[in-house]
>>> print(open('entry_32.pdb').read())   # PDB, C-alpha atoms, pLDDT in the B column
ATOM      1  CA  MET J   1       1.271 -18.418  -0.057  1.00 94.00           C
ATOM      2  CA  LYS J   2       0.187 -15.754  -2.519  1.00 97.00           C
ATOM      3  CA  LEU J   3       1.138 -12.471  -0.851  1.00 98.00           C
ATOM      4  CA  ILE J   4       0.550  -8.956  -2.158  1.00 98.00           C
ATOM      5  CA  ILE J   5       1.733  -5.723  -0.547  1.00 98.00           C
ATOM      6  CA  LEU J   6      -0.271  -2.535  -1.079  1.00 98.00           C
ATOM      7  CA  ASP J   7       0.553   1.060  -0.312  1.00 98.00           C
ATOM      8  CA  ARG J   8      -2.484   2.802   1.171  1.00 98.00           C
ATOM      9  CA  ASP J   9      -2.788   6.453   0.113  1.00 98.00           C
ATOM     10  CA  GLY J  10      -3.103   6.765  -3.655  1.00 98.00           C
ATOM     11  CA  VAL J  11      -3.613   3.019  -4.161  1.00 98.00           C
ATOM     12  CA  ILE J  12      -6.569   2.075  -1.939  1.00 98.00           C
ATOM     13  CA  ASN J  13      -7.843   5.540  -1.075  1.00 98.00           C
ATOM     14  CA  GLN J  14      -7.558   9.104  -2.298  1.00 98.00           C
ATOM     15  CA  ASP J  15      -4.274  10.751  -1.393  1.00 96.00           C
ATOM     16  CA  SER J  16      -3.915  14.274  -0.048  1.00 95.00           C
ATOM     17  CA  ASP J  17      -0.939  16.639  -0.029  1.00 93.00           C
ATOM     18  CA  ALA J  18      -2.297  17.767   3.360  1.00 94.00           C
ATOM     19  CA  PHE J  19      -2.346  14.127   4.638  1.00 96.00           C
ATOM     20  CA  VAL J  20      -5.373  11.950   5.367  1.00 97.00           C
ATOM     21  CA  LYS J  21      -5.883  13.064   8.968  1.00 98.00           C
ATOM     22  CA  SER J  22      -9.287  11.659   9.938  1.00 98.00           C
ATOM     23  CA  PRO J  23     -11.687   8.875   9.040  1.00 98.00           C
ATOM     24  CA  ASP J  24     -13.838  11.432   7.206  1.00 98.00           C
ATOM     25  CA  GLU J  25     -10.888  12.259   4.933  1.00 98.00           C
ATOM     26  CA  TRP J  26     -10.320   8.578   4.074  1.00 98.00           C
ATOM     27  CA  ILE J  27     -12.187   7.991   0.799  1.00 98.00           C
ATOM     28  CA  ALA J  28     -11.763   4.725  -1.102  1.00 98.00           C
ATOM     29  CA  LEU J  29     -10.746   4.957  -4.747  1.00 98.00           C
ATOM     30  CA  PRO J  30     -13.358   3.552  -7.144  1.00 98.00           C
ATOM     31  CA  GLY J  31     -12.983  -0.217  -7.458  1.00 98.00           C
ATOM     32  CA  SER J  32     -10.108  -0.570  -4.965  1.00 98.00           C
ATOM     33  CA  LEU J  33     -12.073  -2.292  -2.211  1.00 98.00           C
ATOM     34  CA  GLN J  34     -13.706  -4.678  -4.669  1.00 98.00           C
ATOM     35  CA  ALA J  35     -10.247  -5.487  -6.087  1.00 98.00           C
ATOM     36  CA  ILE J  36      -9.001  -6.425  -2.609  1.00 98.00           C
ATOM     37  CA  ALA J  37     -12.093  -8.593  -2.091  1.00 98.00           C
ATOM     38  CA  ARG J  38     -11.341 -10.393  -5.372  1.00 98.00           C
ATOM     39  CA  LEU J  39      -7.803 -11.091  -4.153  1.00 98.00           C
ATOM     40  CA  ASN J  40      -9.190 -12.453  -0.877  1.00 98.00           C
ATOM     41  CA  GLN J  41     -11.605 -14.712  -2.743  1.00 98.00           C
ATOM     42  CA  ALA J  42      -8.713 -16.036  -4.839  1.00 98.00           C
ATOM     43  CA  GLY J  43      -6.752 -16.953  -1.699  1.00 97.00           C
ATOM     44  CA  TRP J  44      -4.277 -14.056  -1.597  1.00 98.00           C
ATOM     45  CA  THR J  45      -2.877 -12.643   1.647  1.00 98.00           C
ATOM     46  CA  VAL J  46      -3.271  -8.859   1.407  1.00 98.00           C
ATOM     47  CA  VAL J  47      -0.976  -6.645   3.474  1.00 98.00           C
ATOM     48  CA  VAL J  48      -0.830  -2.852   3.583  1.00 98.00           C
ATOM     49  CA  ALA J  49       2.563  -1.124   3.972  1.00 98.00           C
ATOM     50  CA  THR J  50       2.178   2.605   4.530  1.00 98.00           C
ATOM     51  CA  ASN J  51       4.317   5.555   5.569  1.00 98.00           C
ATOM     52  CA  GLN J  52       2.337   7.622   8.075  1.00 97.00           C
ATOM     53  CA  SER J  53       4.643  10.501   8.975  1.00 96.00           C
ATOM     54  CA  GLY J  54       1.584  12.530   9.991  1.00 96.00           C
ATOM     55  CA  VAL J  55       1.997  10.812  13.375  1.00 97.00           C
ATOM     56  CA  ALA J  56       5.563  12.138  13.788  1.00 96.00           C
ATOM     57  CA  ARG J  57       4.484  15.535  12.467  1.00 96.00           C
ATOM     58  CA  GLY J  58       1.733  15.752  15.102  1.00 96.00           C
ATOM     59  CA  LEU J  59      -1.053  15.963  12.502  1.00 97.00           C
ATOM     60  CA  PHE J  60      -2.885  12.988  14.043  1.00 97.00           C
ATOM     61  CA  ASP J  61      -2.289  10.456  16.799  1.00 97.00           C
ATOM     62  CA  MET J  62      -2.283   6.670  16.816  1.00 97.00           C
ATOM     63  CA  ALA J  63      -5.904   6.531  17.981  1.00 98.00           C
ATOM     64  CA  THR J  64      -6.941   8.562  14.934  1.00 98.00           C
ATOM     65  CA  LEU J  65      -4.806   6.412  12.626  1.00 98.00           C
ATOM     66  CA  ASN J  66      -6.447   3.317  14.101  1.00 98.00           C
ATOM     67  CA  ALA J  67      -9.871   4.898  13.493  1.00 98.00           C
ATOM     68  CA  ILE J  68      -8.912   5.579   9.846  1.00 98.00           C
ATOM     69  CA  HIS J  69      -7.842   1.961   9.446  1.00 98.00           C
ATOM     70  CA  GLY J  70     -11.032   0.850  11.186  1.00 98.00           C
ATOM     71  CA  LYS J  71     -13.061   2.692   8.558  1.00 98.00           C
ATOM     72  CA  MET J  72     -11.030   1.042   5.795  1.00 98.00           C
ATOM     73  CA  ARG J  73     -11.601  -2.398   7.330  1.00 98.00           C
ATOM     74  CA  ARG J  74     -15.368  -1.788   7.735  1.00 98.00           C
ATOM     75  CA  GLU J  75     -15.747  -0.608   4.145  1.00 98.00           C
ATOM     76  CA  LEU J  76     -13.746  -3.619   2.945  1.00 98.00           C
ATOM     77  CA  ALA J  77     -15.915  -5.986   4.979  1.00 98.00           C
ATOM     78  CA  ALA J  78     -19.028  -4.444   3.422  1.00 98.00           C
ATOM     79  CA  VAL J  79     -17.844  -5.650  -0.018  1.00 98.00           C
ATOM     80  CA  GLY J  80     -16.598  -9.031   1.240  1.00 98.00           C
ATOM     81  CA  GLY J  81     -12.928  -8.144   1.604  1.00 98.00           C
ATOM     82  CA  HIS J  82     -10.261  -7.720   4.257  1.00 98.00           C
ATOM     83  CA  VAL J  83      -6.607  -6.906   4.740  1.00 98.00           C
ATOM     84  CA  ASP J  84      -4.624  -9.450   6.687  1.00 98.00           C
ATOM     85  CA  ALA J  85      -2.306  -6.884   8.286  1.00 98.00           C
ATOM     86  CA  ILE J  86      -1.364  -3.229   8.201  1.00 98.00           C
ATOM     87  CA  PHE J  87       2.303  -2.363   8.599  1.00 98.00           C
ATOM     88  CA  MET J  88       3.113   1.302   8.981  1.00 98.00           C
ATOM     89  CA  CYS J  89       5.999   3.626   9.613  1.00 98.00           C
ATOM     90  CA  PRO J  90       5.024   6.464  11.978  1.00 97.00           C
ATOM     91  CA  HIS J  91       8.387   8.220  11.629  1.00 97.00           C
ATOM     92  CA  GLY J  92       9.211  11.483   9.928  1.00 95.00           C
ATOM     93  CA  PRO J  93      11.540  11.819   6.937  1.00 93.00           C
ATOM     94  CA  ASP J  94      14.518  12.790   9.122  1.00 94.00           C
ATOM     95  CA  ASP J  95      14.070  10.224  11.906  1.00 95.00           C
ATOM     96  CA  GLY J  96      16.626   7.780  10.494  1.00 94.00           C
ATOM     97  CA  CYS J  97      14.487   4.646  10.753  1.00 96.00           C
ATOM     98  CA  ASN J  98      14.799   1.723   8.344  1.00 95.00           C
ATOM     99  CA  CYS J  99      11.051   1.175   8.017  1.00 97.00           C
ATOM    100  CA  ARG J 100      10.238   4.366   6.105  1.00 97.00           C
ATOM    101  CA  LYS J 101       9.908   3.773   2.390  1.00 98.00           C
ATOM    102  CA  PRO J 102      12.009   4.071   0.172  1.00 98.00           C
ATOM    103  CA  LEU J 103      14.004   1.868   2.567  1.00 98.00           C
ATOM    104  CA  PRO J 104      12.858  -1.767   2.503  1.00 98.00           C
ATOM    105  CA  GLY J 105      12.690  -2.440   6.262  1.00 98.00           C
ATOM    106  CA  MET J 106       8.897  -2.532   6.455  1.00 98.00           C
ATOM    107  CA  LEU J 107       8.728  -4.964   3.524  1.00 98.00           C
ATOM    108  CA  PHE J 108      11.405  -7.175   5.071  1.00 98.00           C
ATOM    109  CA  ASP J 109       9.309  -7.187   8.276  1.00 98.00           C
ATOM    110  CA  ILE J 110       6.328  -8.388   6.247  1.00 98.00           C
ATOM    111  CA  GLY J 111       8.430 -11.156   4.699  1.00 98.00           C
ATOM    112  CA  HIS J 112       9.614 -12.269   8.152  1.00 97.00           C
ATOM    113  CA  ARG J 113       6.106 -12.115   9.645  1.00 97.00           C
ATOM    114  CA  TYR J 114       4.711 -14.368   6.928  1.00 97.00           C
ATOM    115  CA  ASP J 115       7.904 -16.419   6.466  1.00 97.00           C
ATOM    116  CA  VAL J 116       7.827 -15.651   2.754  1.00 96.00           C
ATOM    117  CA  ASP J 117      10.591 -15.047   0.250  1.00 94.00           C
ATOM    118  CA  LEU J 118       9.607 -11.682  -1.194  1.00 97.00           C
ATOM    119  CA  THR J 119      11.100 -12.440  -4.595  1.00 94.00           C
ATOM    120  CA  ALA J 120       8.425 -11.690  -7.169  1.00 85.00           C
ATOM    121  CA  THR J 121       5.844 -10.701  -4.518  1.00 97.00           C
ATOM    122  CA  PRO J 122       3.805  -7.907  -6.112  1.00 98.00           C
ATOM    123  CA  ALA J 123       4.112  -4.589  -4.269  1.00 98.00           C
ATOM    124  CA  ILE J 124       1.792  -1.870  -5.526  1.00 98.00           C
ATOM    125  CA  GLY J 125       2.398   1.841  -5.065  1.00 98.00           C
ATOM    126  CA  ASP J 126       1.841   5.251  -6.584  1.00 98.00           C
ATOM    127  CA  SER J 127       5.124   6.932  -5.650  1.00 98.00           C
ATOM    128  CA  LEU J 128       8.773   6.350  -6.441  1.00 98.00           C
ATOM    129  CA  ARG J 129       9.555   5.570  -2.788  1.00 98.00           C
ATOM    130  CA  ASP J 130       7.024   2.694  -2.855  1.00 98.00           C
ATOM    131  CA  LEU J 131       8.674   1.248  -5.956  1.00 98.00           C
ATOM    132  CA  GLN J 132      12.195   1.729  -4.615  1.00 98.00           C
ATOM    133  CA  ALA J 133      11.328  -0.103  -1.399  1.00 98.00           C
ATOM    134  CA  ALA J 134       9.696  -2.896  -3.392  1.00 98.00           C
ATOM    135  CA  SER J 135      12.707  -3.282  -5.650  1.00 98.00           C
ATOM    136  CA  ALA J 136      15.186  -3.195  -2.747  1.00 98.00           C
ATOM    137  CA  ALA J 137      13.203  -5.932  -0.970  1.00 98.00           C
ATOM    138  CA  GLY J 138      13.156  -8.110  -4.090  1.00 97.00           C
ATOM    139  CA  CYS J 139       9.439  -7.606  -4.729  1.00 98.00           C
ATOM    140  CA  GLN J 140       7.844  -7.022  -8.140  1.00 98.00           C
ATOM    141  CA  PRO J 141       7.093  -3.281  -8.210  1.00 98.00           C
ATOM    142  CA  TRP J 142       3.818  -2.117  -9.740  1.00 98.00           C
ATOM    143  CA  LEU J 143       2.995   1.545 -10.347  1.00 98.00           C
ATOM    144  CA  VAL J 144      -0.676   2.483 -10.434  1.00 98.00           C
ATOM    145  CA  GLN J 145      -1.918   5.551 -12.286  1.00 98.00           C
ATOM    146  CA  THR J 146      -3.968   6.728  -9.314  1.00 98.00           C
ATOM    147  CA  GLY J 147      -2.791   9.108  -6.611  1.00 97.00           C
ATOM    148  CA  ASN J 148       0.717  10.304  -7.481  1.00 97.00           C
ATOM    149  CA  GLY J 149       1.155   7.631 -10.164  1.00 98.00           C
ATOM    150  CA  PRO J 150       1.019   9.916 -13.220  1.00 98.00           C
ATOM    151  CA  LYS J 151       3.561  12.352 -11.691  1.00 98.00           C
ATOM    152  CA  THR J 152       5.781   9.453 -10.635  1.00 98.00           C
ATOM    153  CA  GLN J 153       5.793   7.957 -14.111  1.00 98.00           C
ATOM    154  CA  ALA J 154       6.397  11.340 -15.774  1.00 98.00           C
ATOM    155  CA  LYS J 155       9.480  11.974 -13.593  1.00 97.00           C
ATOM    156  CA  GLY J 156      10.996   8.647 -14.691  1.00 96.00           C
ATOM    157  CA  GLY J 157      13.715   6.741 -12.887  1.00 97.00           C
ATOM    158  CA  LEU J 158      11.447   3.807 -12.080  1.00 98.00           C
ATOM    159  CA  PRO J 159      13.194   0.674 -10.827  1.00 98.00           C
ATOM    160  CA  GLU J 160      13.951  -1.874 -13.513  1.00 96.00           C
ATOM    161  CA  GLY J 161      11.059  -4.247 -14.117  1.00 97.00           C
ATOM    162  CA  THR J 162       8.369  -1.921 -12.771  1.00 98.00           C
ATOM    163  CA  ARG J 163       4.992  -2.772 -14.244  1.00 98.00           C
ATOM    164  CA  VAL J 164       2.392  -0.056 -14.775  1.00 98.00           C
ATOM    165  CA  ALA J 165      -1.393  -0.386 -14.483  1.00 98.00           C
ATOM    166  CA  ALA J 166      -4.324   2.012 -14.520  1.00 98.00           C
ATOM    167  CA  ASP J 167      -5.349   1.220 -10.933  1.00 98.00           C
ATOM    168  CA  LEU J 168      -5.445  -1.511  -8.318  1.00 98.00           C
ATOM    169  CA  ALA J 169      -8.335  -3.265 -10.103  1.00 98.00           C
ATOM    170  CA  ALA J 170      -6.215  -3.517 -13.280  1.00 98.00           C
ATOM    171  CA  VAL J 171      -3.308  -4.998 -11.306  1.00 98.00           C
ATOM    172  CA  VAL J 172      -5.663  -7.561  -9.783  1.00 98.00           C
ATOM    173  CA  ASP J 173      -7.096  -8.392 -13.229  1.00 98.00           C
ATOM    174  CA  THR J 174      -3.570  -9.176 -14.448  1.00 98.00           C
ATOM    175  CA  LEU J 175      -2.538 -11.155 -11.372  1.00 97.00           C
ATOM    176  CA  LEU J 176      -5.693 -13.277 -11.405  1.00 97.00           C
ATOM    177  CA  GLN J 177      -5.375 -13.942 -15.145  1.00 95.00           C
ATOM    178  CA  ASP J 178      -1.746 -15.003 -14.697  1.00 83.00           C
ATOM    179  CA  ALA J 179      -2.577 -17.321 -11.791  1.00 69.00           C
TER     180      ALA J 179
END
>>> encode(input="entry_32.pdb", output="structure tokens")
Amino acid sequence: MKLIILDRDGVINQDSDAFVKSPDEWIALPGSLQAIARLNQAGWTVVVATNQSGVARGLFDMATLNAIHGKMRRELAAVGGHVDAIFMCPHGPDDGCNCRKPLPGMLFDIGHRYDVDLTATPAIGDSLRDLQAASAAGCQPWLVQTGNGPKTQAKGGLPEGTRVAADLAAVVDTLLQDA
């Protein structure tokens, strides 16, 4: 199985320091949905792994989060794509869970769900916590230069072996060429 793990905000859609709190605020990044569709067409299983502490912070509820993800799924379907699953951590930074990135719990859950060894599974993110979780889970971390990517790269301290690409479409170009 060819599995890829994507962060949501800053990778698939525009990020916001004030959180994406409604379907109207969820805006796909140029080319991201088409990139996911290309992965689907090439036989990849596409899974989203996203921290959503806005739930714990009371900024939106699960029904709203489901509506945001519904919009993402509809827009993906309109370009011939889909995500196979969405894993998310609804906890706040101080809740002590093991699913909140930078901890690898959510990624381990994905590996168990799909019965896949995560070694070398590409995991794409725009923040250091995404890359740290990927590295801790044994995935191949990829940093995209969308969302917080430029700030993340400028701060340094990226996990060893992190690959850098302009955006999700550029990651997909590389993965499909290497296949």
>>> closest_atom_pairs(input="entry_32.pdb", of="range 87-154 of chain J", to="range 50-62 of chain J", cutoff="10 Å", atoms="only C-alpha atoms", output="CSV")
residue,atom,partner,partner_atom,distance
J:Phe87,CA,J:Thr50,CA,6.4
J:Met88,CA,J:Thr50,CA,4.7
J:Cys89,CA,J:Asn51,CA,4.8
J:Pro90,CA,J:Gln52,CA,4.9
J:His91,CA,J:Ser53,CA,5.1
J:Gly92,CA,J:Ser53,CA,4.8
J:Pro93,CA,J:Ser53,CA,7.3
J:Asp95,CA,J:Ala56,CA,8.9
J:Cys99,CA,J:Asn51,CA,8.4
J:Arg100,CA,J:Asn51,CA,6.1
J:Lys101,CA,J:Asn51,CA,6.7
J:Pro102,CA,J:Asn51,CA,9.5
J:Met106,CA,J:Thr50,CA,8.7
J:Gly125,CA,J:Thr50,CA,9.6
J:Arg129,CA,J:Asn51,CA,9.9
J:Asp130,CA,J:Thr50,CA,8.8
>>> closest_residue(input="entry_32.pdb", among="J:Thr64, J:Asp17, J:Gly161, J:Gly138", to="Leu118 in chain J", atoms="only C-alpha atoms")
J:Gly138
>>> closest_residue(input="entry_32.pdb", among="J:Thr119, J:Gln140, J:Thr174, J:Ser127", to="Gly156 in chain J", atoms="only C-alpha atoms")
J:Ser127
>>> resolve_selection(input="entry_32.pdb", expression="the PyMOL selection byres ((chain J and resi 110) around 10)", output="JSON, numbers by chain")
{"J": [3, 5, 47, 48, 49, 85, 86, 87, 105, 106, 107, 108, 109, 111, 112, 113, 114, 115, 116, 117, 118]}
>>> resolve_selection(input="entry_32.pdb", expression="the PyMOL selection byres ((chain J and resi 152) around 12)", output="ChimeraX atom specification")
/J:10,125-132,142-151,153-159,162,164
>>> residues_around(input="entry_32.pdb", residues="Ala28 in chain J", least_positions_apart="5", cutoff="8 Å", atoms="all atoms listed in the file", output="list in words")
Ile12, Asn13, Gln14, Leu33 and Met72 of chain J
>>> decode(input="entry_32.pdb", residues="range 143-167 of chain J", atoms="N, CA, C and O atoms", output="tab-separated table (two decimals), in the first residue's frame")
chain	number	residue	atom	x	y	z
J	143	LEU	N	8.57	19.12	4.37
J	143	LEU	CA	8.14	20.47	4.70
J	143	LEU	C	7.73	21.18	3.42
J	143	LEU	O	8.51	21.23	2.47
J	144	VAL	N	6.50	21.70	3.41
J	144	VAL	CA	6.06	22.50	2.27
J	144	VAL	C	6.22	23.98	2.60
J	144	VAL	O	6.11	24.39	3.75
J	145	GLN	N	6.47	24.77	1.56
J	145	GLN	CA	6.68	26.21	1.71
J	145	GLN	C	5.38	26.99	1.59
J	145	GLN	O	5.36	28.10	1.07
J	146	THR	N	4.29	26.39	2.03
J	146	THR	CA	3.00	27.05	2.12
J	146	THR	C	2.68	27.17	3.60
J	146	THR	O	3.39	26.60	4.44
J	147	GLY	N	1.65	27.90	3.95
J	147	GLY	CA	1.30	28.05	5.36
J	147	GLY	C	2.46	28.59	6.16
J	147	GLY	O	3.06	29.61	5.82
J	148	ASN	N	2.82	27.87	7.22
J	148	ASN	CA	3.93	28.27	8.10
J	148	ASN	C	5.28	27.75	7.63
J	148	ASN	O	6.28	27.93	8.32
J	149	GLY	N	5.32	27.11	6.46
J	149	GLY	CA	6.55	26.50	5.98
J	149	GLY	C	7.76	27.41	5.94
J	149	GLY	O	8.83	27.04	6.44
J	150	PRO	N	7.66	28.62	5.38
J	150	PRO	CA	8.83	29.49	5.33
J	150	PRO	C	9.36	29.84	6.73
J	150	PRO	O	10.57	29.83	6.96
J	151	LYS	N	8.44	30.13	7.68
J	151	LYS	CA	8.87	30.44	9.05
J	151	LYS	C	9.51	29.21	9.70
J	151	LYS	O	10.51	29.33	10.41
J	152	THR	N	8.93	28.06	9.45
J	152	THR	CA	9.45	26.82	10.03
J	152	THR	C	10.86	26.56	9.53
J	152	THR	O	11.76	26.24	10.32
J	153	GLN	N	11.08	26.71	8.24
J	153	GLN	CA	12.41	26.47	7.69
J	153	GLN	C	13.41	27.50	8.21
J	153	GLN	O	14.54	27.16	8.53
J	154	ALA	N	12.99	28.75	8.31
J	154	ALA	CA	13.90	29.82	8.76
J	154	ALA	C	14.35	29.60	10.20
J	154	ALA	O	15.49	29.90	10.55
J	155	LYS	N	13.46	29.03	11.04
J	155	LYS	CA	13.82	28.78	12.45
J	155	LYS	C	14.84	27.65	12.57
J	155	LYS	O	15.57	27.59	13.55
J	156	GLY	N	14.85	26.73	11.61
J	156	GLY	CA	15.80	25.62	11.64
J	156	GLY	C	15.36	24.54	12.62
J	156	GLY	O	14.24	24.54	13.12
J	157	GLY	N	16.27	23.61	12.88
J	157	GLY	CA	15.99	22.51	13.79
J	157	GLY	C	15.09	21.44	13.19
J	157	GLY	O	14.44	20.70	13.93
J	158	LEU	N	15.06	21.35	11.87
J	158	LEU	CA	14.22	20.34	11.22
J	158	LEU	C	14.77	18.95	11.50
J	158	LEU	O	15.99	18.77	11.58
J	159	PRO	N	13.90	17.96	11.65
J	159	PRO	CA	14.39	16.60	11.84
J	159	PRO	C	15.29	16.17	10.68
J	159	PRO	O	15.10	16.58	9.54
J	160	GLU	N	16.27	15.34	11.02
J	160	GLU	CA	17.19	14.84	10.01
J	160	GLU	C	16.41	14.15	8.89
J	160	GLU	O	15.46	13.41	9.14
J	161	GLY	N	16.81	14.42	7.66
J	161	GLY	CA	16.19	13.78	6.51
J	161	GLY	C	14.95	14.48	5.99
J	161	GLY	O	14.32	13.99	5.05
J	162	THR	N	14.58	15.62	6.60
J	162	THR	CA	13.41	16.34	6.11
J	162	THR	C	13.65	16.84	4.69
J	162	THR	O	14.68	17.42	4.40
J	163	ARG	N	12.69	16.57	3.84
J	163	ARG	CA	12.75	17.07	2.46
J	163	ARG	C	11.88	18.31	2.38
J	163	ARG	O	10.89	18.44	3.12
J	164	VAL	N	12.23	19.23	1.50
J	164	VAL	CA	11.53	20.50	1.38
J	164	VAL	C	11.01	20.64	-0.05
J	164	VAL	O	11.73	20.33	-1.01
J	165	ALA	N	9.77	21.10	-0.17
J	165	ALA	CA	9.16	21.31	-1.49
J	165	ALA	C	8.34	22.60	-1.45
J	165	ALA	O	7.92	23.05	-0.39
J	166	ALA	N	8.10	23.15	-2.62
J	166	ALA	CA	7.37	24.42	-2.72
J	166	ALA	C	5.95	24.29	-2.17
J	166	ALA	O	5.46	25.17	-1.47
J	167	ASP	N	5.29	23.18	-2.48
J	167	ASP	CA	3.89	22.99	-2.06
J	167	ASP	C	3.54	21.52	-2.23
J	167	ASP	O	4.39	20.70	-2.63
